[in-house]
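Heads up, start_13.txt below (compact mmCIF, C-alpha atoms):
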# COMPACT_ATOMS: atom_id res chain seq x y z
CA MET W 1 -54.22 -78.59 -112.29
CA THR W 2 -53.06 -81.92 -113.62
CA GLY W 3 -53.94 -85.20 -111.88
CA GLU W 4 -50.84 -85.21 -109.70
CA LYS W 5 -51.47 -81.62 -108.66
CA TRP W 6 -54.98 -82.42 -107.49
CA LYS W 7 -53.73 -85.15 -105.13
CA SER W 8 -52.93 -82.98 -102.12
CA PHE W 9 -56.19 -81.05 -102.60
CA TRP W 10 -58.26 -84.24 -102.51
CA MET W 11 -56.34 -85.69 -99.58
CA GLY W 12 -56.82 -82.53 -97.55
CA THR W 13 -60.49 -82.26 -98.46
CA VAL W 14 -61.24 -85.91 -97.75
CA ALA W 15 -59.41 -85.61 -94.43
CA ALA W 16 -61.55 -82.59 -93.55
CA VAL W 17 -64.71 -84.57 -94.30
CA LEU W 18 -63.50 -87.54 -92.25
CA VAL W 19 -62.67 -85.31 -89.28
CA ALA W 20 -66.12 -83.75 -89.59
CA VAL W 21 -67.84 -87.16 -89.65
CA VAL W 22 -65.91 -88.36 -86.60
CA ALA W 23 -66.59 -85.08 -84.79
CA GLY W 24 -70.27 -85.39 -85.61
CA MET W 25 -70.44 -88.92 -84.24
CA VAL W 26 -68.62 -87.97 -81.04
CA MET W 27 -70.66 -84.84 -80.41
CA SER W 28 -73.97 -86.53 -81.20
CA SER W 29 -73.31 -89.35 -78.76
CA ALA W 30 -71.89 -87.12 -76.03
CA ASN W 31 -74.62 -84.51 -75.86
CA MET W 32 -78.37 -84.64 -75.59
CA THR W 33 -80.40 -83.13 -78.38
CA ALA W 34 -82.04 -79.81 -77.67
CA GLY W 35 -85.37 -81.62 -77.60
CA GLU W 36 -84.19 -83.99 -74.89
CA LYS W 37 -82.42 -81.29 -72.91
CA PHE W 38 -85.42 -78.99 -72.66
CA SER W 39 -88.14 -81.61 -72.44
CA THR W 40 -90.22 -81.75 -69.27
CA SER W 41 -88.51 -84.97 -68.28
CA ASN W 42 -85.29 -83.02 -67.82
CA THR W 43 -86.80 -79.99 -66.15
CA ARG W 44 -88.56 -81.74 -63.31
CA LEU W 45 -87.55 -80.94 -59.74
CA MET Z 1 -145.52 -75.21 -37.80
CA THR Z 2 -146.13 -73.65 -34.36
CA GLY Z 3 -144.55 -70.33 -33.41
CA MET Z 4 -142.13 -71.97 -30.99
CA LYS Z 5 -140.85 -74.38 -33.58
CA ARG Z 6 -140.53 -71.56 -36.11
CA ARG Z 7 -138.41 -69.51 -33.68
CA ARG Z 8 -136.15 -72.49 -32.91
CA LEU Z 9 -135.72 -73.16 -36.61
CA LEU Z 10 -134.76 -69.59 -37.34
CA ALA Z 11 -132.35 -69.51 -34.37
CA GLY Z 12 -130.66 -72.71 -35.51
CA LEU Z 13 -130.38 -71.35 -39.06
CA GLY Z 14 -128.86 -68.14 -37.72
CA ILE Z 15 -126.30 -70.03 -35.64
CA PHE Z 16 -125.48 -72.17 -38.65
CA LEU Z 17 -124.95 -69.14 -40.88
CA LEU Z 18 -122.84 -67.47 -38.18
CA ALA Z 19 -120.63 -70.55 -37.96
CA VAL Z 20 -120.21 -70.63 -41.74
CA TYR Z 21 -119.36 -66.94 -41.78
CA ALA Z 22 -116.78 -67.41 -39.00
CA GLY Z 23 -115.19 -70.23 -40.95
CA LEU Z 24 -115.01 -68.18 -44.12
CA VAL Z 25 -113.53 -65.20 -42.26
CA GLY Z 26 -110.87 -67.54 -40.91
CA PHE Z 27 -110.27 -68.92 -44.39
CA THR Z 28 -110.05 -65.59 -46.25
CA GLN Z 29 -108.52 -63.65 -43.37
CA SER Z 30 -110.87 -60.87 -44.25
CA PRO Z 31 -114.05 -59.73 -42.52
CA THR Z 32 -115.38 -58.84 -45.95
CA LEU Z 33 -114.45 -62.35 -47.20
CA GLY Z 34 -111.85 -60.90 -49.68
CA VAL Z 35 -114.31 -58.71 -51.44
CA ALA Z 36 -112.93 -55.19 -51.30
CA PRO Z 37 -114.79 -52.16 -52.40
CA ALA Z 38 -113.46 -50.48 -55.54
CA ALA Z 39 -110.67 -48.05 -54.71
CA ALA Z 40 -108.28 -45.97 -56.75
CA GLN Z 41 -104.55 -46.68 -56.67
CA SER Z 42 -102.77 -44.14 -54.58
CA GLY Z 43 -99.12 -43.48 -54.13
CA GLY Z 44 -98.13 -46.65 -55.99
CA GLN Z 45 -100.09 -48.83 -53.61
CA VAL Z 46 -102.57 -51.17 -55.24
CA PRO Z 47 -105.81 -51.83 -53.43
CA GLY Z 48 -105.95 -55.08 -51.52
CA ASN Z 49 -102.13 -55.28 -51.26
CA TRP Z 50 -102.10 -58.51 -53.33
CA SER Z 51 -98.73 -57.81 -54.96
CA GLY Z 52 -97.00 -56.34 -51.97
CA ASN Z 53 -96.10 -52.69 -52.27
CA THR Z 54 -95.26 -52.71 -55.97
CA SER Z 55 -97.68 -51.48 -58.60
CA ASP Z 56 -98.23 -53.47 -61.76
CA ALA Z 57 -96.48 -50.80 -63.82
CA GLU Z 58 -93.37 -50.92 -61.61
CA PHE Z 59 -93.48 -54.71 -61.64
CA TRP Z 60 -93.43 -54.97 -65.43
CA ARG Z 61 -90.93 -52.14 -65.73
CA ALA Z 62 -88.50 -54.14 -63.61
CA ILE Z 63 -89.13 -57.27 -65.65
CA LYS Z 64 -88.44 -55.37 -68.87
CA LYS Z 65 -85.14 -54.15 -67.42
CA GLY Z 66 -84.10 -57.72 -66.84
CA VAL Z 67 -84.81 -58.36 -63.16
CA LYS Z 68 -84.27 -61.98 -62.21
CA GLY Z 69 -86.83 -63.90 -60.21
CA THR Z 70 -86.52 -67.37 -58.74
CA VAL Z 71 -87.84 -70.50 -60.39
CA SER Z 72 -88.24 -74.00 -59.07
CA ILE Z 73 -87.06 -75.77 -62.25
CA PRO Z 74 -83.38 -76.69 -62.64
CA ASP Z 75 -82.80 -74.17 -65.46
CA LYS Z 76 -82.37 -71.01 -63.39
CA LYS Z 77 -82.02 -68.87 -66.52
CA ALA Z 78 -85.80 -69.09 -66.81
CA GLY Z 79 -86.00 -66.71 -63.84
CA GLN Z 80 -85.21 -63.84 -66.20
CA LEU Z 81 -88.29 -63.24 -68.34
CA VAL Z 82 -86.92 -60.40 -70.50
CA GLN Z 83 -83.26 -59.74 -71.32
CA MET Z 84 -82.94 -56.13 -72.38
CA GLU Z 85 -79.43 -56.51 -73.81
CA GLY Z 86 -80.92 -58.92 -76.30
CA ASP Z 87 -82.52 -56.00 -78.12
CA GLU Z 88 -79.12 -54.36 -78.49
CA PHE Z 89 -77.59 -57.62 -79.68
CA ARG Z 90 -80.33 -58.14 -82.25
CA ALA Z 91 -80.02 -54.56 -83.49
CA PHE Z 92 -76.25 -54.98 -83.96
CA ARG Z 93 -76.42 -58.44 -85.50
CA ASN Z 94 -79.19 -57.62 -87.95
CA GLY Z 95 -78.04 -54.04 -88.47
CA LYS Z 96 -74.44 -52.87 -88.43
CA MET Z 97 -72.77 -56.27 -88.46
CA SER Z 98 -74.80 -57.61 -91.38
CA SER Z 99 -74.79 -54.46 -93.48
CA ARG Z 100 -71.17 -53.45 -92.95
CA GLY Z 101 -69.97 -57.00 -93.24
CA GLY Z 102 -71.73 -57.37 -96.53
CA ASP Z 103 -70.34 -54.03 -97.69
CA LEU Z 104 -66.82 -55.18 -96.79
CA LEU Z 105 -67.08 -58.33 -98.90
CA VAL Z 106 -68.50 -56.44 -101.88
CA ILE Z 107 -65.80 -53.77 -101.60
CA VAL Z 108 -63.03 -56.38 -101.53
CA VAL Z 109 -64.38 -58.03 -104.67
CA ILE Z 110 -64.66 -54.67 -106.43
CA ILE Z 111 -61.11 -53.73 -105.45
CA LEU Z 112 -59.80 -57.02 -106.84
CA ILE Z 113 -61.73 -56.59 -110.09
CA VAL Z 114 -60.33 -53.07 -110.52
CA PHE Z 115 -56.82 -54.27 -109.63
CA TYR Z 116 -57.04 -57.05 -112.21
CA MET Z 117 -58.32 -54.62 -114.85
CA PHE Z 118 -55.34 -52.33 -114.37
CA ARG Z 119 -52.55 -54.73 -113.42
CA GLY Z 120 -53.70 -57.89 -115.12
CA ARG Z 121 -52.25 -61.23 -114.16
CA ILE Z 122 -48.78 -60.88 -112.62
CA ARG Z 123 -46.62 -62.90 -115.01
CA ILE Z 124 -43.19 -64.45 -114.59
CA GLU Z 125 -41.25 -61.62 -116.24
CA ALA Z 126 -38.33 -63.74 -117.33
CA GLY Z 127 -40.82 -66.30 -118.56
CA PRO Z 128 -41.02 -69.87 -117.28
CA ASP Z 129 -37.61 -71.54 -116.85
CA ALA Z 130 -36.48 -72.64 -120.30
CA ALA Z 131 -35.17 -75.92 -118.93
CA GLY Z 132 -38.29 -76.50 -116.90
CA ARG Z 133 -36.37 -76.39 -113.64
CA THR Z 134 -38.43 -76.18 -110.47
CA ILE Z 135 -37.81 -75.81 -106.75
CA GLU Z 136 -39.76 -77.63 -104.09
CA ARG Z 137 -41.69 -74.98 -102.20
CA PHE Z 138 -44.02 -77.08 -100.04
CA ASN Z 139 -43.71 -80.75 -99.17
CA ALA Z 140 -46.62 -83.21 -99.02
CA LEU Z 141 -47.43 -82.53 -95.35
CA GLU Z 142 -47.48 -78.77 -95.91
CA ARG Z 143 -49.73 -79.06 -98.94
CA PHE Z 144 -52.04 -81.45 -97.11
CA THR Z 145 -52.22 -79.00 -94.19
CA HIS Z 146 -53.02 -76.12 -96.52
CA TRP Z 147 -55.87 -77.94 -98.23
CA LEU Z 148 -57.24 -79.41 -94.98
CA THR Z 149 -57.54 -75.85 -93.68
CA ALA Z 150 -58.61 -74.26 -96.97
CA SER Z 151 -61.35 -76.78 -97.79
CA SER Z 152 -62.67 -76.52 -94.24
CA PHE Z 153 -62.59 -72.73 -94.39
CA VAL Z 154 -64.56 -72.60 -97.64
CA VAL Z 155 -67.32 -74.83 -96.22
CA LEU Z 156 -67.35 -72.85 -92.97
CA ALA Z 157 -67.49 -69.54 -94.83
CA LEU Z 158 -70.35 -70.56 -97.13
CA THR Z 159 -72.44 -72.16 -94.39
CA GLY Z 160 -71.72 -69.27 -92.06
CA LEU Z 161 -72.68 -66.68 -94.67
CA ASN Z 162 -75.90 -68.63 -95.18
CA VAL Z 163 -76.72 -68.24 -91.48
CA LEU Z 164 -76.23 -64.49 -91.75
CA TYR Z 165 -77.58 -63.70 -95.20
CA GLY Z 166 -79.25 -66.79 -96.63
CA LYS Z 167 -82.77 -65.93 -95.50
CA LEU Z 168 -82.62 -62.65 -97.42
CA PHE Z 169 -82.68 -64.20 -100.88
CA LEU Z 170 -82.43 -68.01 -100.87
CA PRO Z 171 -86.08 -68.77 -100.00
CA ALA Z 172 -87.13 -66.88 -103.11
CA LEU Z 173 -84.75 -69.00 -105.20
CA ILE Z 174 -85.15 -72.48 -103.73
CA GLY Z 175 -88.34 -72.18 -101.70
CA LYS Z 176 -88.78 -72.03 -97.94
CA SER Z 177 -88.61 -75.78 -97.51
CA GLY Z 178 -85.44 -76.01 -99.57
CA PHE Z 179 -83.86 -73.19 -97.64
CA ALA Z 180 -84.76 -74.85 -94.34
CA THR Z 181 -83.20 -78.14 -95.41
CA LEU Z 182 -80.10 -76.42 -96.78
CA THR Z 183 -79.64 -74.41 -93.60
CA LEU Z 184 -80.18 -77.41 -91.34
CA TRP Z 185 -77.53 -79.49 -93.09
CA GLY Z 186 -75.32 -76.48 -93.59
CA LYS Z 187 -75.28 -75.66 -89.90
CA MET Z 188 -74.46 -79.25 -89.02
CA ALA Z 189 -71.61 -79.18 -91.52
CA HIS Z 190 -70.47 -75.88 -89.98
CA ASN Z 191 -70.43 -77.38 -86.47
CA TYR Z 192 -68.51 -80.52 -87.42
CA ILE Z 193 -66.07 -79.36 -90.08
CA ALA Z 194 -64.96 -76.64 -87.68
CA TRP Z 195 -62.85 -79.29 -85.94
CA ALA Z 196 -60.97 -80.01 -89.17
CA PHE Z 197 -60.30 -76.27 -89.48
CA ILE Z 198 -58.99 -76.13 -85.91
CA ILE Z 199 -56.63 -79.05 -86.56
CA GLY Z 200 -55.47 -77.42 -89.80
CA VAL Z 201 -54.71 -74.08 -88.14
CA ILE Z 202 -52.72 -75.76 -85.38
CA MET Z 203 -50.72 -77.74 -87.97
CA MET Z 204 -50.10 -74.59 -90.02
CA PHE Z 205 -48.79 -72.77 -86.98
CA VAL Z 206 -46.39 -75.57 -86.08
CA LEU Z 207 -45.14 -75.99 -89.67
CA TRP Z 208 -44.71 -72.35 -90.64
CA VAL Z 209 -44.33 -70.10 -87.61
CA LYS Z 210 -40.55 -70.05 -87.83
CA ASP Z 211 -40.69 -68.67 -91.39
CA ASN Z 212 -43.31 -66.06 -90.59
CA ILE Z 213 -41.56 -63.97 -87.97
CA PRO Z 214 -41.62 -60.34 -89.19
CA GLY Z 215 -38.23 -58.84 -90.06
CA LYS Z 216 -36.45 -55.93 -91.70
CA THR Z 217 -36.91 -57.42 -95.17
CA ASP Z 218 -40.65 -57.07 -94.71
CA ILE Z 219 -40.36 -53.31 -94.21
CA GLN Z 220 -38.52 -52.99 -97.53
CA TRP Z 221 -41.10 -55.22 -99.20
CA LEU Z 222 -43.99 -53.19 -97.85
CA ALA Z 223 -42.35 -49.88 -98.75
CA VAL Z 224 -42.75 -50.70 -102.45
CA GLY Z 225 -46.12 -52.41 -102.09
CA GLY Z 226 -44.56 -55.80 -102.67
CA GLY Z 227 -43.99 -54.89 -106.32
CA LEU Z 228 -47.69 -55.59 -106.89
CA PHE Z 229 -48.40 -52.24 -108.46
CA LYS Z 230 -45.47 -51.95 -110.88
CA GLU Z 231 -43.99 -54.33 -113.38
CA GLY Z 232 -40.30 -55.12 -113.05
CA LEU Z 233 -40.23 -54.34 -109.35
CA HIS Z 234 -39.21 -57.34 -107.23
CA PRO Z 235 -38.42 -56.41 -103.62
CA PRO Z 236 -36.37 -58.93 -101.66
CA ALA Z 237 -38.27 -61.68 -99.86
CA LYS Z 238 -37.37 -64.84 -98.03
CA ARG Z 239 -39.58 -67.93 -97.96
CA PHE Z 240 -42.62 -65.81 -97.10
CA ASN Z 241 -43.01 -62.14 -97.96
CA ALA Z 242 -44.76 -59.59 -95.76
CA GLY Z 243 -48.08 -60.13 -97.52
CA GLN Z 244 -47.92 -63.86 -96.87
CA LYS Z 245 -46.90 -63.26 -93.26
CA PHE Z 246 -49.99 -61.08 -92.91
CA ILE Z 247 -52.10 -63.95 -94.25
CA PHE Z 248 -50.39 -66.42 -91.90
CA TRP Z 249 -50.96 -64.38 -88.76
CA SER Z 250 -54.50 -63.50 -89.84
CA VAL Z 251 -55.30 -67.18 -90.22
CA VAL Z 252 -53.59 -68.20 -87.00
CA LEU Z 253 -54.90 -65.39 -84.79
CA GLY Z 254 -58.24 -64.99 -86.55
CA GLY Z 255 -58.64 -68.73 -86.74
CA ALA Z 256 -57.85 -69.14 -83.05
CA SER Z 257 -60.36 -66.43 -82.20
CA LEU Z 258 -63.02 -68.01 -84.39
CA SER Z 259 -62.25 -71.39 -82.85
CA ALA Z 260 -62.60 -70.08 -79.28
CA SER Z 261 -65.86 -68.24 -79.92
CA GLY Z 262 -67.08 -71.13 -82.05
CA ILE Z 263 -66.49 -73.63 -79.25
CA ALA Z 264 -68.33 -71.26 -76.90
CA LEU Z 265 -71.25 -71.37 -79.34
CA LEU Z 266 -71.08 -75.16 -79.69
CA PHE Z 267 -71.41 -75.47 -75.92
CA PRO Z 268 -73.54 -72.46 -74.93
CA PHE Z 269 -73.98 -71.70 -71.22
CA GLU Z 270 -71.09 -74.13 -70.51
CA VAL Z 271 -68.04 -72.55 -72.17
CA GLN Z 272 -68.05 -68.87 -71.26
CA ILE Z 273 -64.99 -66.90 -72.32
CA PHE Z 274 -65.95 -63.25 -72.46
CA ALA Z 275 -66.22 -62.31 -68.79
CA ASP Z 276 -62.67 -63.52 -68.13
CA SER Z 277 -61.40 -61.98 -71.37
CA PHE Z 278 -62.92 -58.64 -70.39
CA LYS Z 279 -61.26 -58.84 -66.97
CA ILE Z 280 -57.89 -59.20 -68.71
CA LEU Z 281 -58.61 -56.34 -71.10
CA ASN Z 282 -59.76 -54.09 -68.27
CA ALA Z 283 -56.26 -54.37 -66.81
CA PHE Z 284 -55.23 -52.24 -69.79
CA GLY Z 285 -57.67 -49.49 -69.02
CA THR Z 286 -60.84 -50.57 -70.80
CA ASP Z 287 -64.18 -50.74 -69.02
CA PHE Z 288 -65.89 -53.88 -70.28
CA PRO Z 289 -68.52 -55.62 -68.13
CA THR Z 290 -67.03 -58.50 -66.17
CA VAL Z 291 -70.27 -59.99 -64.87
CA LEU Z 292 -72.22 -61.51 -67.74
CA SER Z 293 -75.27 -63.71 -67.77
CA PRO Z 294 -75.00 -66.94 -69.80
CA LEU Z 295 -77.23 -65.42 -72.45
CA GLN Z 296 -75.02 -62.33 -72.68
CA GLU Z 297 -71.97 -64.57 -73.08
CA THR Z 298 -73.64 -66.31 -76.02
CA GLN Z 299 -74.62 -62.99 -77.57
CA TYR Z 300 -71.05 -61.67 -77.31
CA ALA Z 301 -69.79 -64.93 -78.82
CA LEU Z 302 -72.19 -64.57 -81.73
CA MET Z 303 -71.21 -60.97 -82.38
CA TRP Z 304 -67.47 -61.61 -82.12
CA HIS Z 305 -67.65 -64.80 -84.20
CA GLY Z 306 -69.59 -62.97 -86.91
CA VAL Z 307 -67.34 -59.92 -87.07
CA VAL Z 308 -64.08 -61.91 -87.13
CA ALA Z 309 -65.51 -64.34 -89.68
CA LEU Z 310 -66.50 -61.54 -92.06
CA VAL Z 311 -63.05 -59.96 -91.81
CA MET Z 312 -61.37 -63.34 -92.36
CA ILE Z 313 -63.51 -64.07 -95.41
CA ALA Z 314 -62.55 -60.71 -96.89
CA ILE Z 315 -58.85 -61.43 -96.33
CA ILE Z 316 -59.05 -64.94 -97.74
CA ILE Z 317 -60.86 -63.71 -100.86
CA GLY Z 318 -57.74 -61.65 -101.53
CA HIS Z 319 -55.52 -64.65 -100.79
CA ILE Z 320 -57.49 -66.87 -103.17
CA TYR Z 321 -57.30 -64.23 -105.88
CA ILE Z 322 -53.54 -63.69 -105.73
CA GLY Z 323 -52.87 -67.41 -105.41
CA SER Z 324 -54.86 -68.34 -108.47
CA LEU Z 325 -55.90 -65.79 -111.08
CA GLY Z 326 -53.77 -62.95 -109.77
CA MET Z 327 -50.29 -64.44 -110.15
CA GLU Z 328 -48.93 -66.88 -112.69
CA GLY Z 329 -47.18 -69.84 -111.11
CA ALA Z 330 -48.41 -69.27 -107.55
CA ILE Z 331 -50.88 -72.15 -107.41
CA ASP Z 332 -48.13 -74.67 -108.16
CA ALA Z 333 -46.77 -74.15 -104.67
CA VAL Z 334 -49.80 -75.88 -103.14
CA GLY Z 335 -50.50 -77.97 -106.24
CA ASP Z 336 -47.65 -80.41 -106.65
CA GLY Z 337 -45.41 -78.35 -104.39
CA HIS Z 338 -42.86 -77.40 -107.06
CA VAL Z 339 -42.63 -73.86 -108.38
CA ASP Z 340 -40.91 -72.58 -111.50
CA ARG Z 341 -37.36 -71.52 -110.71
CA ASN Z 342 -37.75 -68.12 -112.37
CA TRP Z 343 -40.95 -67.53 -110.45
CA ALA Z 344 -39.09 -68.32 -107.22
CA LYS Z 345 -36.17 -66.04 -108.08
CA GLU Z 346 -38.48 -63.14 -108.94
CA HIS Z 347 -40.78 -63.41 -105.91
CA HIS Z 348 -38.64 -65.06 -103.22
CA GLY Z 349 -35.09 -64.36 -104.30
CA MET Z 350 -33.52 -64.55 -100.85
CA TRP Z 351 -35.18 -67.89 -100.22
CA VAL Z 352 -33.79 -69.33 -103.46
CA GLU Z 353 -30.30 -68.15 -102.46
CA GLU Z 354 -30.64 -69.81 -99.05
CA ILE Z 355 -31.69 -73.09 -100.64
CA GLU Z 356 -28.96 -72.98 -103.28
CA ASN Z 357 -26.34 -72.25 -100.65
CA GLU Z 358 -27.51 -75.10 -98.44
CA ALA Z 359 -28.00 -77.78 -101.07
CA PRO Z 360 -27.21 -76.74 -104.62
CA ALA Z 361 -28.12 -80.12 -106.08
CA ALA Z 362 -31.52 -80.21 -104.36
CA ALA Z 363 -32.32 -76.62 -105.36
CA GLU Z 364 -32.40 -77.39 -109.05
CA GLN Z 365 -34.79 -80.10 -110.00
CA GLN Z 366 -34.99 -81.05 -113.58
CA PRO Z 367 -38.36 -82.09 -114.86
CA ALA Z 368 -38.93 -85.81 -115.33
CA GLU Z 369 -37.85 -86.95 -118.79

Using structure tokens, write down the structure that the file contains.
Amino acid sequence: MTGEKWKSFWMGTVAAVLVAVVAGMVMSSANMTAGEKFSTSNTRL
Amino acid sequence: MTGMKRRRLLAGLGIFLLAVYAGLVGFTQSPTLGVAPAAAQSGGQVPGNWSGNTSDAEFWRAIKKGVKGTVSIPDKKAGQLVQMEGDEFRAFRNGKMSSRGGDLLVIVVIILIVFYMFRGRIRIEAGPDAAGRTIERFNALERFTHWLTASSFVVLALTGLNVLYGKLFLPALIGKSGFATLTLWGKMAHNYIAWAFIIGVIMMFVLWVKDNIPGKTDIQWLAVGGGLFKEGLHPPAKRFNAGQKFIFWSVVLGGASLSASGIALLFPFEVQIFADSFKILNAFGTDFPTVLSPLQETQYALMWHGVVALVMIAIIIGHIYIGSLGMEGAIDAVGDGHVDRNWAKEHHGMWVEEIENEAPAAAEQQPAE
């Protein structure tokens, strides 16, 4: 593909990466890690 | 010591020992102070009655079958020590699903190689338009949507295949530490780029559903195999032929299914979709279990996600082939969005007629000077 033809490919791919980064940030801040969730501090009565 | 004093000493000692014995009997609730003579088990009753009326063998048999006890910690799932269905899940996941899924992918690749050997690349029979005229097939938003979804799918497919098959050969190639690092990052990429895939599938559905409704033209197209197997054969097709409609609905329905099971796996024990889905299916006469433990829900999600993913990968391998190597001129549609006019007339003749009837000037686009 020529340069112009690659444009939509790169835009779509970069957008996918950006969505993934944002999703990662949101999910990491919203949920506890497995280590935190199953630590004894979270399983006490 | 005189005899009288000796007798008093012994009597006091005896009273003391009696008092100690009485206290111990009260403490152990047993005249033998909890020490029972050896006795054989009879009729399922264990001597001493320490575990109620259940023998050890019965006790562990029940645990193996998945009996749930009570626990004092907040995670009540810990009350089930052994989940028997897990053995069946593991056998399916590591057995039939892995082996047949792998076979499917290999078979698809072999079929495509054989098809290419016999048919070769499907060329534009009339040759590229002599004047270089093109028709806009997909606009910028459509192309962006395609690549958003496609790029996401490729990453998801590769990282997902690594989860299923990577451990079989990658450690030997890149070492155990390398494989662990690759899989850790790959699984994170899988979890997060899934959201881009979901957005892409939704956008695709909105943009293209109206052009992907099956119709009579598709039956004619399918009847001659889409012209794929014979040169000079160009069955009528509108904007999307039956093969492309199959791809569209596979991506939309398969993608939605992968998204639902994937979200259930991203939030295990919280998002549980199979019990309710089985209830709906059972209304049509099936007999699926409708009461599932959280662990069973996750196992069903894993199995379903894996099976649908393998089928989708097989389908998309075919799509990638025909859109690139398999057919001259096809990639331009999602490249700069403009396809050769002769290509369009040969493969989507009815669509070209519709466009030319609506806007003759817009249908023919001369190349830039």

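Counting all atoms listed in the file, every residue of chain W that comes within 6 Å of chain Z is listed here: Lys5, Ser8, Phe9, Gly12, Thr13, Ala16, Val19, Ala20, Ala23, Gly24, Thr43 and Leu45 of chain W.
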
Tell me, in Å to one decimal, how far atom CA of Met203 of chain Z is from atom CA of Trp6 of chain W. 20.5 Å

Please write out, as JSON, where the centre of an axis-aligned box around all listed atoms of segment 14-31 of chain W lies and how long its edges are, in Å to one decimal, after adding 5 Å on each side.
{"center_x": -67.0, "center_y": -86.0, "center_z": -86.8, "size_x": 25.2, "size_y": 16.8, "size_z": 31.9}

Closest of Z:Val271, Z:Gly285, Z:Gly306, Z:Gly232 to Asn162 of chain Z, counting only C-alpha atoms, is Z:Gly306

What does the distance from atom CA of Arg100 of chain Z to atom CA of Leu281 of chain Z come to in Å, to one decimal? 25.4 Å

In Å and to one decimal, atom CA of Ala344 of chain Z is distant from atom CA of Phe240 of chain Z by 11.0 Å
